[in-house]
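Source file: data-v9.cif (mmCIF, C-alpha atoms)
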data_structure
loop_
_atom_site.label_atom_id
_atom_site.label_comp_id
_atom_site.auth_asym_id
_atom_site.auth_seq_id
_atom_site.Cartn_x
_atom_site.Cartn_y
_atom_site.Cartn_z
CA MET G 1 0.00 0.00 0.00
CA LYS G 2 2.86 2.35 0.84
CA ALA G 3 4.43 1.59 -2.49
CA LEU G 4 1.22 2.47 -4.31
CA ILE G 5 0.93 5.79 -2.49
CA ALA G 6 4.58 6.57 -3.17
CA LYS G 7 4.02 5.75 -6.86
CA TYR G 8 1.04 8.12 -7.16
CA LYS G 9 2.93 10.81 -5.22
CA ALA G 10 5.86 10.55 -7.61
CA LEU G 11 3.56 10.61 -10.67
CA HIS G 12 1.33 13.52 -9.63
CA TRP G 13 2.42 15.47 -6.56
CA ASP G 14 6.14 15.63 -7.22
CA THR G 15 5.53 16.92 -10.77
CA LEU G 16 3.82 20.04 -9.38
CA SER G 17 5.74 23.22 -8.61
CA ALA G 18 6.08 24.43 -5.02
CA THR G 19 3.53 27.21 -5.63
CA GLU G 20 0.98 24.73 -7.00
CA GLN G 21 1.53 22.40 -4.04
CA LYS G 22 0.99 25.30 -1.57
CA THR G 23 -2.18 26.38 -3.39
CA ILE G 24 -3.59 22.84 -3.30
CA LEU G 25 -2.75 22.47 0.41
CA ARG G 26 -4.40 25.81 1.25
CA GLY G 27 -7.47 24.83 -0.75
CA ALA G 28 -7.60 21.50 1.08
CA TRP G 29 -7.40 23.32 4.45
CA VAL G 30 -10.45 25.36 3.47
CA LEU G 31 -12.37 22.66 1.61
CA VAL G 32 -12.06 19.79 4.12
CA PRO G 33 -13.83 21.64 7.01
CA LEU G 34 -16.56 22.82 4.63
CA LEU G 35 -17.11 19.27 3.39
CA MET G 36 -17.11 17.96 6.96
CA TYR G 37 -19.76 20.52 7.91
CA GLY G 38 -21.91 20.01 4.80
CA LEU G 39 -21.73 16.23 4.64
CA LEU G 40 -21.55 15.18 8.30
CA TRP G 41 -22.45 17.73 10.96
CA GLN G 42 -25.26 19.70 9.32
CA PRO G 43 -27.41 16.67 8.22
CA ALA G 44 -26.93 15.05 11.63
CA HIS G 45 -27.91 18.31 13.37
CA GLU G 46 -31.11 18.57 11.30
CA ALA G 47 -32.07 14.90 11.82
CA LEU G 48 -31.60 14.98 15.62
CA PRO G 49 -35.02 16.49 16.54
CA LYS G 50 -36.81 14.06 14.24
CA LEU G 51 -34.99 11.14 15.82
CA GLN G 52 -35.72 12.41 19.33
CA THR G 53 -39.46 12.48 18.62
CA ALA G 54 -39.49 9.11 16.84
CA LEU G 55 -37.34 7.21 19.34
CA PRO G 56 -39.95 6.81 22.15
CA ASN G 57 -42.49 5.44 19.65
CA LEU G 58 -39.94 3.02 18.25
CA ARG G 59 -38.98 1.85 21.74
CA ALA G 60 -42.64 1.28 22.62
CA GLN G 61 -43.13 -0.69 19.39
CA ALA G 62 -40.02 -2.76 20.14
CA ASP G 63 -41.29 -3.53 23.66
CA GLN G 64 -44.69 -4.49 22.28
CA MET G 65 -43.11 -6.74 19.66
CA GLN G 66 -41.00 -8.47 22.32
CA ALA G 67 -44.07 -9.03 24.48
CA LEU G 68 -45.99 -10.43 21.52
CA ALA G 69 -43.05 -12.65 20.59
CA GLY G 70 -42.99 -14.06 24.13
CA GLN G 71 -46.73 -14.63 24.02
CA ALA G 72 -46.47 -16.34 20.63
CA GLN G 73 -43.69 -18.57 21.95
CA SER G 74 -45.76 -19.61 24.98
CA LEU G 75 -48.77 -20.33 22.75
CA ARG G 76 -46.57 -22.34 20.39
CA GLN G 77 -45.53 -24.57 23.29
CA GLN G 78 -49.09 -25.31 24.43
CA PRO G 79 -50.48 -28.62 23.23
CA LYS G 80 -53.36 -28.45 20.78
CA LEU G 81 -56.64 -29.67 22.15
CA ALA G 82 -58.18 -32.81 20.76
CA VAL G 83 -61.41 -32.06 18.94
CA LEU G 84 -64.13 -34.47 20.05
CA ASP G 85 -66.94 -35.32 17.69
CA SER G 86 -70.52 -35.11 18.97
CA ASP G 87 -70.70 -38.75 20.12
CA ALA G 88 -67.39 -38.70 22.00
CA LEU G 89 -68.32 -35.35 23.51
CA LYS G 90 -71.71 -36.75 24.60
CA ILE G 91 -70.02 -39.69 26.35
CA ALA G 92 -67.50 -37.40 28.10
CA VAL G 93 -70.22 -35.02 29.31
CA GLU G 94 -72.47 -37.87 30.51
CA LYS G 95 -69.65 -39.50 32.50
CA SER G 96 -68.70 -36.19 34.06
CA ALA G 97 -72.33 -35.36 34.95
CA GLN G 98 -72.84 -38.81 36.52
CA ALA G 99 -69.63 -38.42 38.53
CA ALA G 100 -70.86 -35.03 39.79
CA GLY G 101 -74.34 -36.41 40.51
CA LEU G 102 -76.13 -34.04 38.12
CA PRO G 103 -79.36 -35.26 36.44
CA LEU G 104 -78.65 -33.94 32.92
CA LEU G 105 -80.21 -34.99 29.62
CA VAL G 106 -77.41 -34.99 27.02
CA VAL G 107 -78.23 -34.97 23.28
CA PRO G 108 -75.69 -34.79 20.42
CA GLY G 109 -75.87 -31.41 18.74
CA GLU G 110 -74.23 -29.96 15.68
CA GLN G 111 -70.62 -30.72 14.78
CA ASN G 112 -68.42 -30.91 17.92
CA SER G 113 -71.23 -29.93 20.30
CA VAL G 114 -73.88 -31.40 22.58
CA ARG G 115 -77.04 -29.93 24.08
CA ILE G 116 -77.77 -30.49 27.74
CA SER G 117 -80.93 -29.80 29.69
CA ALA G 118 -82.28 -30.25 33.19
CA GLU G 119 -85.63 -29.36 34.73
CA SER G 120 -84.30 -28.57 38.19
CA ILE G 121 -80.63 -28.42 39.12
CA ALA G 122 -78.71 -26.61 41.86
CA PHE G 123 -77.12 -23.54 40.31
CA ALA G 124 -73.97 -23.74 42.46
CA ASN G 125 -73.46 -27.42 41.57
CA TRP G 126 -73.89 -26.67 37.88
CA LEU G 127 -71.34 -23.82 38.01
CA GLN G 128 -68.82 -25.99 39.83
CA TRP G 129 -69.34 -28.87 37.38
CA GLN G 130 -69.06 -26.55 34.38
CA ARG G 131 -65.78 -25.08 35.70
CA THR G 132 -64.37 -28.55 36.35
CA LEU G 133 -65.42 -29.69 32.87
CA GLU G 134 -63.73 -26.68 31.30
CA THR G 135 -60.46 -27.02 33.19
CA THR G 136 -60.07 -30.80 32.97
CA GLN G 137 -61.54 -31.67 29.56
CA HIS G 138 -61.55 -28.27 27.79
CA ILE G 139 -65.26 -28.50 27.17
CA ARG G 140 -66.92 -25.11 27.48
CA VAL G 141 -70.40 -23.62 27.36
CA SER G 142 -71.05 -21.92 24.04
CA SER G 143 -74.60 -20.88 24.88
CA ALA G 144 -76.87 -21.32 27.88
CA MET G 145 -80.33 -20.40 29.06
CA LEU G 146 -81.03 -20.53 32.77
CA VAL G 147 -84.45 -19.89 34.30
CA ALA G 148 -84.98 -19.66 38.04
CA ALA G 149 -86.98 -22.57 39.41
CA PRO G 150 -89.56 -22.15 42.20
CA GLU G 151 -87.15 -23.70 44.74
CA SER G 152 -84.42 -21.44 46.10
CA GLY G 153 -81.03 -21.96 44.41
CA MET G 154 -82.46 -24.19 41.69
CA VAL G 155 -82.59 -23.44 37.95
CA LYS G 156 -84.01 -24.89 34.75
CA LEU G 157 -81.11 -25.33 32.35
CA GLN G 158 -80.64 -25.58 28.60
CA ALA G 159 -77.08 -25.23 27.26
CA THR G 160 -74.82 -26.11 24.36
CA LEU G 161 -71.31 -27.40 25.12
CA THR G 162 -68.45 -27.44 22.61
CA ASN G 163 -64.90 -28.73 22.47
CA GLY G 164 -61.84 -27.84 20.43
CA ALA G 165 -63.12 -26.47 17.13
CA ASP G 166 -64.54 -23.23 18.54
CA LEU G 167 -61.81 -22.59 21.16
#
Target format structure tokens, applied to this file:
Amino acid sequence: MKALIAKYKALHWDTLSATEQKTILRGAWVLVPLLMYGLLWQPAHEALPKLQTALPNLRAQADQMQALAGQAQSLRQQPKLAVLDSDALKIAVEKSAQAAGLPLLVVPGEQNSVRISAESIAFANWLQWQRTLETTQHIRVSSAMLVAAPESGMVKLQATLTNGADL
């Protein structure tokens, strides 16, 4: 590299007279600071306020993206629920209702759902059973109609339960 610079110096710089060399050096002393100002400092000075206003928004977006990435990763690691067809869902609901001692009539409904009904059932027992069913078997209530029965704490129930496909 030194040899290349020495070669160009000998070809160009050394062929100039002393006056020409001084003139070029003086011009460089004036031109270099002007170029530094025009190409580096002045554009950076003008862009600084724009960057200062945009930076908080960009940081908030970066934080939100990191939070969403963590949420996506946790969802990716969760197992997918098995989708039960109407018959399998009916069997699961009947077994669970019998285990809880609830007198429910279970009828297969549309795809991946069953309809349940009861003339008189304790509201607290039904809520507890429904919560247990949701947490253990991932079967949830998609629609329900509850009417207060004449006895205190009892309700008439009609509901549709689903699994998997609508979750």
For Trp126 in chain G: contacts at 12 Å, all atoms listed in the file, fewer than 4 positions along chain excluded, given as an NGL selection string: :G and (96-97 or 100-104 or 116-118 or 120-122 or 130-133 or 141 or 144 or 146 or 153-159)
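The residue set within 8 Å of Ser113 in chain G, counting only C-alpha atoms and dropping same-chain residues fewer than 6 places from it, reads Asp85, Ser86, Leu89, Thr160, Leu161, Thr162 and Asn163 of chain G.
From CA of Gln66 in chain G back to CA of His138 in chain G, the distance works out to 29.1 Å.
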Counting all atoms listed in the file, figure out which residue out of G:Val147, G:Gln77, G:Val106, G:Gln64 gets nearest to Glu119 in chain G. G:Val147
Pairwise distance for CA of Gln71 in chain G and CA of Pro56 in chain G, rounded to one decimal in Å: 22.6 Å
So what do you get for CA of Glu94 in chain G versus CA of Thr135 in chain G, distance-wise? 16.4 Å
Once 5 Å is added on each side, what centre and edge lengths in Å to one decimal does the axis-aligned box around all listed atoms of range 69-77 of chain G have, as AutoDock Vina command-line options?
--center_x -45.9 --center_y -18.6 --center_z 22.7 --size_x 15.8 --size_y 21.9 --size_z 14.6
